[in-house]
file final-v3.cif (mmCIF, C-alpha atoms)
data_target
#
loop_
_atom_site.label_atom_id
_atom_site.label_comp_id
_atom_site.auth_asym_id
_atom_site.auth_seq_id
_atom_site.Cartn_x
_atom_site.Cartn_y
_atom_site.Cartn_z
CA MET A 1 12.73 -0.58 21.20
CA GLN A 2 11.60 2.72 19.72
CA PRO A 3 10.17 2.56 16.17
CA VAL A 4 12.54 3.72 13.46
CA SER A 5 11.34 6.84 11.68
CA PRO A 6 11.91 7.71 8.02
CA GLY A 7 15.17 9.49 7.36
CA PRO A 8 15.33 13.29 7.41
CA ARG A 9 16.28 13.36 3.72
CA ALA A 10 13.40 11.24 2.46
CA HIS A 11 12.33 12.63 -0.88
CA LEU A 12 10.31 12.07 -4.01
CA GLN A 13 12.57 10.49 -6.65
CA GLY A 14 9.93 10.20 -9.34
CA LEU A 15 6.40 11.43 -10.00
CA GLN A 16 4.22 9.50 -12.47
CA VAL A 17 0.67 9.53 -13.80
CA GLY A 18 -1.22 7.40 -16.30
CA LEU A 19 -4.54 6.82 -18.06
CA PRO A 20 -6.29 3.49 -18.68
CA LYS A 21 -5.02 1.58 -21.69
CA PRO A 22 -5.47 -1.99 -22.95
CA LEU A 23 -3.25 -4.53 -21.17
CA ARG A 24 -3.02 -8.06 -22.52
CA TYR A 25 -2.49 -11.07 -20.24
CA GLY A 26 -3.40 -14.74 -20.39
CA GLY A 27 -5.20 -14.43 -23.69
CA GLN A 28 -7.40 -11.59 -22.46
CA THR A 29 -7.26 -7.82 -22.73
CA VAL A 30 -8.23 -5.59 -19.81
CA LEU A 31 -8.11 -1.86 -19.25
CA SER A 32 -5.41 -0.73 -16.83
CA ALA A 33 -3.66 2.48 -15.84
CA PHE A 34 -0.69 0.49 -14.56
CA ILE A 35 1.66 1.99 -17.16
CA LYS A 36 2.52 5.45 -15.91
CA LYS A 37 4.73 8.15 -17.38
CA PRO A 38 7.06 10.53 -15.53
CA VAL A 39 6.03 14.16 -15.16
CA ARG A 40 8.28 17.02 -14.20
CA GLY A 41 5.68 18.74 -12.08
CA PRO A 42 4.41 20.53 -10.28
CA VAL A 43 1.26 18.38 -10.27
CA PHE A 44 -1.80 19.08 -8.16
CA LEU A 45 -2.74 16.44 -5.61
CA SER A 46 -6.26 16.28 -4.19
CA GLU A 47 -8.23 13.69 -2.21
CA ASN A 48 -9.00 11.91 -5.49
CA GLY A 49 -5.37 11.68 -6.57
CA LEU A 50 -3.00 13.43 -8.93
CA SER A 51 -4.16 15.52 -11.86
CA GLY A 52 -3.81 13.47 -15.03
CA ASP A 53 -3.94 10.13 -13.23
CA GLU A 54 -6.90 7.75 -13.49
CA GLN A 55 -7.81 4.15 -12.66
CA ALA A 56 -9.64 1.60 -14.77
CA ASP A 57 -11.00 -0.50 -11.88
CA LEU A 58 -12.39 1.86 -9.26
CA LYS A 59 -13.45 -1.02 -7.00
CA ALA A 60 -9.85 -2.11 -6.41
CA HIS A 61 -7.92 1.09 -7.11
CA GLY A 62 -8.22 4.79 -6.50
CA GLY A 63 -10.58 6.61 -4.19
CA PRO A 64 -9.71 8.69 -1.12
CA ASP A 65 -7.95 5.80 0.69
CA LYS A 66 -5.75 5.12 -2.34
CA ALA A 67 -5.17 8.57 -3.75
CA VAL A 68 -1.45 7.92 -4.26
CA CYS A 69 0.44 4.67 -4.81
CA VAL A 70 3.96 4.78 -3.37
CA TYR A 71 6.90 2.47 -4.09
CA PRO A 72 10.36 2.70 -2.47
CA GLY A 73 13.11 3.19 -5.04
CA GLU A 74 15.48 1.19 -2.81
CA HIS A 75 13.74 -2.03 -3.93
CA LEU A 76 14.24 -1.51 -7.65
CA PRO A 77 17.80 -2.93 -7.93
CA TYR A 78 16.54 -6.16 -6.36
CA TRP A 79 13.72 -6.49 -8.90
CA GLN A 80 15.97 -5.61 -11.79
CA VAL A 81 18.19 -8.58 -10.91
CA ARG A 82 15.32 -10.95 -10.13
CA LEU A 83 13.41 -10.08 -13.30
CA GLY A 84 16.59 -9.99 -15.37
CA ARG A 85 15.77 -6.78 -17.19
CA ASN A 86 16.08 -3.03 -17.03
CA LEU A 87 13.07 -1.46 -15.38
CA PRO A 88 11.06 1.42 -16.86
CA PRO A 89 9.96 4.47 -14.87
CA ALA A 90 7.25 3.61 -12.34
CA PRO A 91 7.98 -0.11 -12.75
CA PHE A 92 5.35 -1.05 -10.15
CA GLY A 93 2.68 1.30 -11.43
CA GLU A 94 3.39 3.78 -8.65
CA ASN A 95 2.65 7.51 -8.59
CA PHE A 96 5.46 8.28 -6.16
CA THR A 97 8.84 6.60 -6.41
CA THR A 98 10.50 7.51 -3.12
CA PHE A 99 13.81 7.35 -1.33
CA GLY A 100 13.96 7.01 2.46
CA LEU A 101 10.52 5.51 3.05
CA LEU A 102 10.68 1.76 3.61
CA GLU A 103 7.93 -0.56 4.78
CA GLN A 104 9.79 -1.16 8.05
CA THR A 105 10.04 2.56 8.87
CA VAL A 106 6.69 3.84 7.62
CA HIS A 107 3.63 3.31 9.83
CA ILE A 108 -0.08 3.16 9.09
CA GLY A 109 -1.44 6.61 9.91
CA ASP A 110 1.86 8.48 9.45
CA ILE A 111 1.24 12.01 8.20
CA PHE A 112 3.78 13.54 5.81
CA ARG A 113 4.31 16.85 4.09
CA VAL A 114 5.17 16.47 0.38
CA GLY A 115 5.52 19.72 -1.50
CA SER A 116 2.57 21.79 -0.32
CA ALA A 117 0.32 18.73 0.21
CA ARG A 118 -0.28 16.83 3.43
CA VAL A 119 -0.79 13.07 3.10
CA GLN A 120 -1.39 10.05 5.34
CA VAL A 121 -0.47 6.37 5.02
CA SER A 122 -3.66 4.29 4.75
CA GLN A 123 -2.59 0.71 3.95
CA PRO A 124 0.09 -1.45 2.30
CA ARG A 125 -0.26 -2.02 -1.41
CA GLN A 126 -1.70 -5.41 -2.39
CA PRO A 127 -0.41 -6.28 -5.87
CA CYS A 128 -2.95 -7.69 -8.32
CA PHE A 129 -2.62 -9.68 -11.53
CA LYS A 130 -1.98 -6.52 -13.55
CA LEU A 131 1.49 -6.33 -12.06
CA SER A 132 2.17 -9.85 -13.37
CA ALA A 133 0.58 -8.93 -16.69
CA SER A 134 2.86 -5.95 -17.21
CA TYR A 135 5.94 -8.19 -17.02
CA GLN A 136 4.33 -11.41 -18.31
CA GLU A 137 5.53 -13.08 -15.10
CA PRO A 138 2.68 -15.01 -13.41
CA LYS A 139 4.45 -15.26 -10.05
CA LEU A 140 5.44 -11.61 -9.70
CA ALA A 141 2.50 -10.53 -7.54
CA LEU A 142 3.21 -13.45 -5.20
CA TRP A 143 6.93 -12.58 -5.08
CA VAL A 144 6.07 -9.02 -4.05
CA GLN A 145 3.84 -10.34 -1.29
CA GLU A 146 6.48 -12.82 -0.09
CA THR A 147 9.30 -10.26 0.01
CA GLY A 148 7.21 -7.59 1.71
CA TYR A 149 8.42 -5.11 -0.91
CA THR A 150 4.87 -3.93 -1.48
CA GLY A 151 4.92 -0.18 -1.17
CA PHE A 152 1.85 1.51 0.30
CA TYR A 153 -1.00 3.94 -0.33
CA LEU A 154 -1.58 7.51 0.78
CA ARG A 155 -4.73 9.53 1.28
CA CYS A 156 -4.59 13.28 0.78
CA LEU A 157 -5.49 15.27 3.89
CA GLU A 158 -4.62 18.69 2.47
CA PRO A 159 -4.46 19.30 -1.29
CA GLY A 160 -1.37 20.86 -2.75
CA TRP A 161 1.31 20.79 -5.43
CA VAL A 162 4.01 18.11 -5.61
CA SER A 163 7.13 17.85 -7.75
CA PRO A 164 10.00 15.37 -8.24
CA GLY A 165 12.73 16.12 -5.72
CA ASP A 166 10.35 17.36 -3.02
CA LEU A 167 11.35 16.48 0.52
CA ILE A 168 8.99 14.13 2.38
CA THR A 169 8.76 15.22 5.99
CA LEU A 170 7.14 13.20 8.78
CA LEU A 171 4.72 15.48 10.64
CA GLU A 172 2.79 13.14 12.95
CA ARG A 173 2.92 9.55 14.16
CA ASP A 174 0.71 7.67 16.59
CA PRO A 175 3.13 5.93 19.02
CA GLN A 176 0.77 2.92 19.04
CA SER A 177 0.71 2.61 15.25
CA VAL A 178 1.83 -0.44 13.26
CA SER A 179 4.45 -0.40 10.52
CA VAL A 180 3.56 -1.23 6.93
CA ALA A 181 5.85 -4.27 7.23
CA GLU A 182 3.95 -5.53 10.30
CA ALA A 183 0.63 -4.97 8.55
CA ASN A 184 1.89 -7.03 5.61
CA ARG A 185 3.03 -9.76 7.98
CA VAL A 186 -0.33 -10.26 9.64
CA MET A 187 -2.27 -9.92 6.40
CA HIS A 188 -0.25 -12.44 4.39
CA HIS A 189 1.83 -14.62 6.74
CA ASP A 190 0.96 -14.67 10.46
CA LYS A 191 -2.78 -14.40 9.90
CA ASN A 192 -3.75 -15.33 13.46
CA ASP A 193 -1.63 -12.72 15.23
CA LEU A 194 -4.70 -11.28 16.94
CA ALA A 195 -2.75 -8.78 19.04
CA VAL A 196 -1.37 -6.94 15.99
CA ILE A 197 -4.68 -7.22 14.13
CA GLU A 198 -6.43 -5.57 17.07
CA GLN A 199 -3.72 -2.92 17.24
CA LEU A 200 -4.26 -2.14 13.55
CA LEU A 201 -8.01 -1.90 14.04
CA ARG A 202 -7.67 0.45 17.00
CA GLY A 203 -6.07 3.00 14.72
CA LEU A 204 -8.49 5.34 12.96
CA SER A 205 -6.44 5.73 9.79
CA LEU A 206 -6.52 2.19 8.38
CA SER A 207 -8.29 2.04 4.99
CA LYS A 208 -11.88 0.82 4.81
CA SER A 209 -10.95 -2.21 2.71
CA TRP A 210 -8.23 -3.45 5.07
CA ARG A 211 -10.41 -2.73 8.08
CA ALA A 212 -13.25 -4.82 6.64
CA THR A 213 -10.91 -7.74 5.87
CA LEU A 214 -9.29 -7.74 9.31
CA GLU A 215 -12.57 -7.27 11.19
CA LYS A 216 -13.98 -10.28 9.34
CA ARG A 217 -10.90 -12.33 10.19
CA LEU A 218 -11.01 -11.28 13.82
CA ALA A 219 -14.70 -12.13 14.07
CA GLY A 220 -13.99 -15.54 12.56
CA CYS A 221 -11.23 -16.25 15.07
CA PHE A 222 -13.35 -15.25 18.04
CA GLY A 223 -16.31 -17.11 16.60
CA SER A 224 -14.26 -20.29 16.37
CA ASP A 225 -13.11 -19.89 19.98
CA LYS A 226 -16.67 -19.35 21.17
CA GLU A 227 -17.94 -22.38 19.29
CA ARG A 228 -15.13 -24.51 20.67
CA LEU A 229 -15.88 -23.46 24.26
CA GLU A 230 -19.67 -23.51 24.14
CA GLY A 231 -20.19 -26.53 21.94
CA PRO A 232 -22.97 -26.95 19.39
CA GLY A 233 -25.73 -26.38 21.90
CA GLY A 234 -24.32 -23.17 23.35
CA SER A 235 -24.28 -24.64 26.85
CA GLY A 236 -21.11 -22.90 27.88
CA GLU A 237 -19.37 -26.22 28.46
CA PRO A 238 -16.38 -27.39 26.46
CA ARG A 239 -16.91 -30.11 23.87
#
call {"tool": "encode", "arguments": {"input": "final-v3.cif", "output": "structure tokens"}}
result
Amino acid sequence: MQPVSPGPRAHLQGLQVGLPKPLRYGGQTVLSAFIKKPVRGPVFLSENGLSGDEQADLKAHGGPDKAVCVYPGEHLPYWQVRLGRNLPPAPFGENFTTFGLLEQTVHIGDIFRVGSARVQVSQPRQPCFKLSASYQEPKLALWVQETGYTGFYLRCLEPGWVSPGDLITLLERDPQSVSVAEANRVMHHDKNDLAVIEQLLRGLSLSKSWRATLEKRLAGCFGSDKERLEGPGGSGEPR
């Protein structure tokens, strides 16, 4: 079966930026740029992200591999019902709210034109506790992981200007690439699917953080197999 590509009318529904502000959760206050505000654009996008957008925790967020956080607008009605409330703009802390780009149809390494910028999919989004904190719902990050409605990150290959309403055009796709949904599956659910893990690692566009995690997992799996076959003395004979 041929992979399904994003629709020809995929576009940018919303464009949002934010600066770090105090966010209270579980009796503690942390700095977070999760709350983002809509901008009309155009906004300049570079390898470090959108102008006017910052991150509080640069170890987990931001950087060239995570220049833009994307969330599909198609998922928002589901979350509005599940959370039982109206959702604000950028309800998942995303920079791009999109239409026509779903986890099943977007692949790691896909290159898109948005406005005058050229961007590339680097990894699925992994929600952290700040998502739960913003809604005071401790299980929300886990729900996002379970549903696969994660969104994804983009790196910027060619700086340019982006605006709400811009078309998002697929320019390049590696035919051996893995969808964001498949990447989520092996990261969170089928963790020993070595074939897909190896397929992800063969691609050159996977983010450094996901590559490190999957390489460590793969090494652990092969290490366990080697130990099982060689035994404690390394004799090459099964235990």
call {"tool": "resolve_selection", "arguments": {"input": "final-v3.cif", "expression": "the PyMOL selection byres ((chain A and resi 205) around 7)", "output": "PDB file with C-alpha atoms, in the frame of the given file"}}
result
ATOM      1  CA  ILE A 108      -0.080   3.160   9.090  1.00  0.00           C
ATOM      2  CA  GLY A 109      -1.440   6.610   9.910  1.00  0.00           C
ATOM      3  CA  SER A 122      -3.660   4.290   4.750  1.00  0.00           C
ATOM      4  CA  GLY A 203      -6.070   3.000  14.720  1.00  0.00           C
ATOM      5  CA  LEU A 204      -8.490   5.340  12.960  1.00  0.00           C
ATOM      6  CA  LEU A 206      -6.520   2.190   8.380  1.00  0.00           C
ATOM      7  CA  SER A 207      -8.290   2.040   4.990  1.00  0.00           C
TER       8      SER A 207
END
call {"tool": "closest_atom_pairs", "arguments": {"input": "final-v3.cif", "of": "stretch 102-162 of chain A", "to": "stretch 64-83 of chain A", "cutoff": "8 Å", "atoms": "all atoms listed in the file", "output": "Markdown table"}}
result
| residue | atom | partner | partner_atom | distance |
| --- | --- | --- | --- | --- |
| A:Leu102 | CA | A:Pro72 | CA | 6.2 |
| A:Ser122 | CA | A:Asp65 | CA | 6.1 |
| A:Arg125 | CA | A:Cys69 | CA | 7.5 |
| A:Tyr149 | CA | A:His75 | CA | 6.8 |
| A:Thr150 | CA | A:Tyr71 | CA | 7.2 |
| A:Gly151 | CA | A:Tyr71 | CA | 4.4 |
| A:Phe152 | CA | A:Val70 | CA | 5.3 |
| A:Tyr153 | CA | A:Cys69 | CA | 4.8 |
| A:Leu154 | CA | A:Val68 | CA | 5.1 |
| A:Arg155 | CA | A:Asp65 | CA | 5.0 |
| A:Cys156 | CA | A:Ala67 | CA | 6.6 |
call {"tool": "atom_distance", "arguments": {"input": "final-v3.cif", "atom1": "atom CA of A:Val39", "atom2": "atom CA of A:Thr97"}}
result
11.9 Å
call {"tool": "closest_residue", "arguments": {"input": "final-v3.cif", "among": "A:Glu94, A:Glu146, A:Glu158, A:Glu137", "to": "A:Ser46", "atoms": "only C-alpha atoms"}}
result
A:Glu158
call {"tool": "residues_around", "arguments": {"input": "final-v3.cif", "residues": "A:Ser134", "least_positions_apart": "4", "cutoff": "10 Å", "atoms": "only C-alpha atoms", "output": "ChimeraX atom specification"}}
result
/A:23-25,32,34-35,91-93,129-130,138,140
call {"tool": "build_atoms", "arguments": {"input": "final-v3.cif", "residues": "stretch 153-180 of chain A", "atoms": "N, CA and C atoms", "output": "short mmCIF file (atom, residue, chain, number, x, y, z; two decimals), in the frame of the given file"}}
result
data_model
loop_
_atom_site.label_atom_id
_atom_site.label_comp_id
_atom_site.auth_asym_id
_atom_site.auth_seq_id
_atom_site.Cartn_x
_atom_site.Cartn_y
_atom_site.Cartn_z
N TYR A 153 -0.12 2.89 0.19
CA TYR A 153 -1.00 3.94 -0.33
C TYR A 153 -1.08 5.12 0.62
N LEU A 154 -1.37 6.28 0.03
CA LEU A 154 -1.58 7.51 0.78
C LEU A 154 -2.96 8.06 0.48
N ARG A 155 -3.57 8.66 1.50
CA ARG A 155 -4.73 9.53 1.28
C ARG A 155 -4.25 10.97 1.39
N CYS A 156 -4.96 11.86 0.75
CA CYS A 156 -4.59 13.28 0.78
C CYS A 156 -5.43 14.00 1.81
N LEU A 157 -4.80 14.53 2.83
CA LEU A 157 -5.49 15.27 3.89
C LEU A 157 -5.61 16.75 3.55
N GLU A 158 -4.63 17.27 2.83
CA GLU A 158 -4.62 18.69 2.47
C GLU A 158 -4.08 18.81 1.05
N PRO A 159 -4.91 19.21 0.10
CA PRO A 159 -4.46 19.30 -1.29
C PRO A 159 -3.28 20.25 -1.44
N GLY A 160 -2.51 20.00 -2.49
CA GLY A 160 -1.37 20.86 -2.75
C GLY A 160 -0.63 20.41 -3.99
N TRP A 161 0.50 21.06 -4.25
CA TRP A 161 1.31 20.79 -5.43
C TRP A 161 2.54 19.97 -5.04
N VAL A 162 2.84 18.97 -5.86
CA VAL A 162 4.01 18.11 -5.61
C VAL A 162 4.87 18.07 -6.87
N SER A 163 6.17 17.90 -6.65
CA SER A 163 7.13 17.85 -7.75
C SER A 163 8.22 16.84 -7.45
N PRO A 164 8.83 16.24 -8.47
CA PRO A 164 10.00 15.37 -8.24
C PRO A 164 11.07 16.14 -7.48
N GLY A 165 11.69 15.48 -6.52
CA GLY A 165 12.73 16.12 -5.72
C GLY A 165 12.21 16.70 -4.42
N ASP A 166 10.90 16.81 -4.27
CA ASP A 166 10.35 17.36 -3.02
C ASP A 166 10.78 16.51 -1.82
N LEU A 167 11.11 17.19 -0.73
CA LEU A 167 11.35 16.48 0.52
C LEU A 167 10.04 15.90 1.05
N ILE A 168 10.14 14.77 1.74
CA ILE A 168 8.99 14.13 2.38
C ILE A 168 9.25 14.15 3.88
N THR A 169 8.49 14.96 4.58
CA THR A 169 8.76 15.22 5.99
C THR A 169 7.67 14.59 6.86
N LEU A 170 8.09 13.80 7.84
CA LEU A 170 7.14 13.20 8.78
C LEU A 170 6.65 14.27 9.74
N LEU A 171 5.32 14.47 9.78
CA LEU A 171 4.72 15.48 10.64
C LEU A 171 4.14 14.89 11.92
N GLU A 172 3.47 13.74 11.79
CA GLU A 172 2.79 13.14 12.95
C GLU A 172 2.87 11.62 12.87
N ARG A 173 2.98 11.00 14.06
CA ARG A 173 2.92 9.55 14.16
C ARG A 173 2.27 9.16 15.48
N ASP A 174 1.31 8.25 15.40
CA ASP A 174 0.71 7.67 16.59
C ASP A 174 1.71 6.67 17.18
N PRO A 175 2.14 6.85 18.44
CA PRO A 175 3.13 5.93 19.02
C PRO A 175 2.63 4.49 19.11
N GLN A 176 1.33 4.27 19.00
CA GLN A 176 0.77 2.92 19.04
C GLN A 176 0.53 2.35 17.65
N SER A 177 0.99 3.04 16.62
CA SER A 177 0.71 2.61 15.25
C SER A 177 1.56 1.41 14.86
N VAL A 178 1.19 0.77 13.77
CA VAL A 178 1.83 -0.44 13.26
C VAL A 178 2.53 -0.13 11.95
N SER A 179 3.72 -0.66 11.76
CA SER A 179 4.45 -0.40 10.52
C SER A 179 3.78 -1.09 9.34
N VAL A 180 4.07 -0.60 8.15
CA VAL A 180 3.56 -1.23 6.93
C VAL A 180 4.06 -2.67 6.86
#
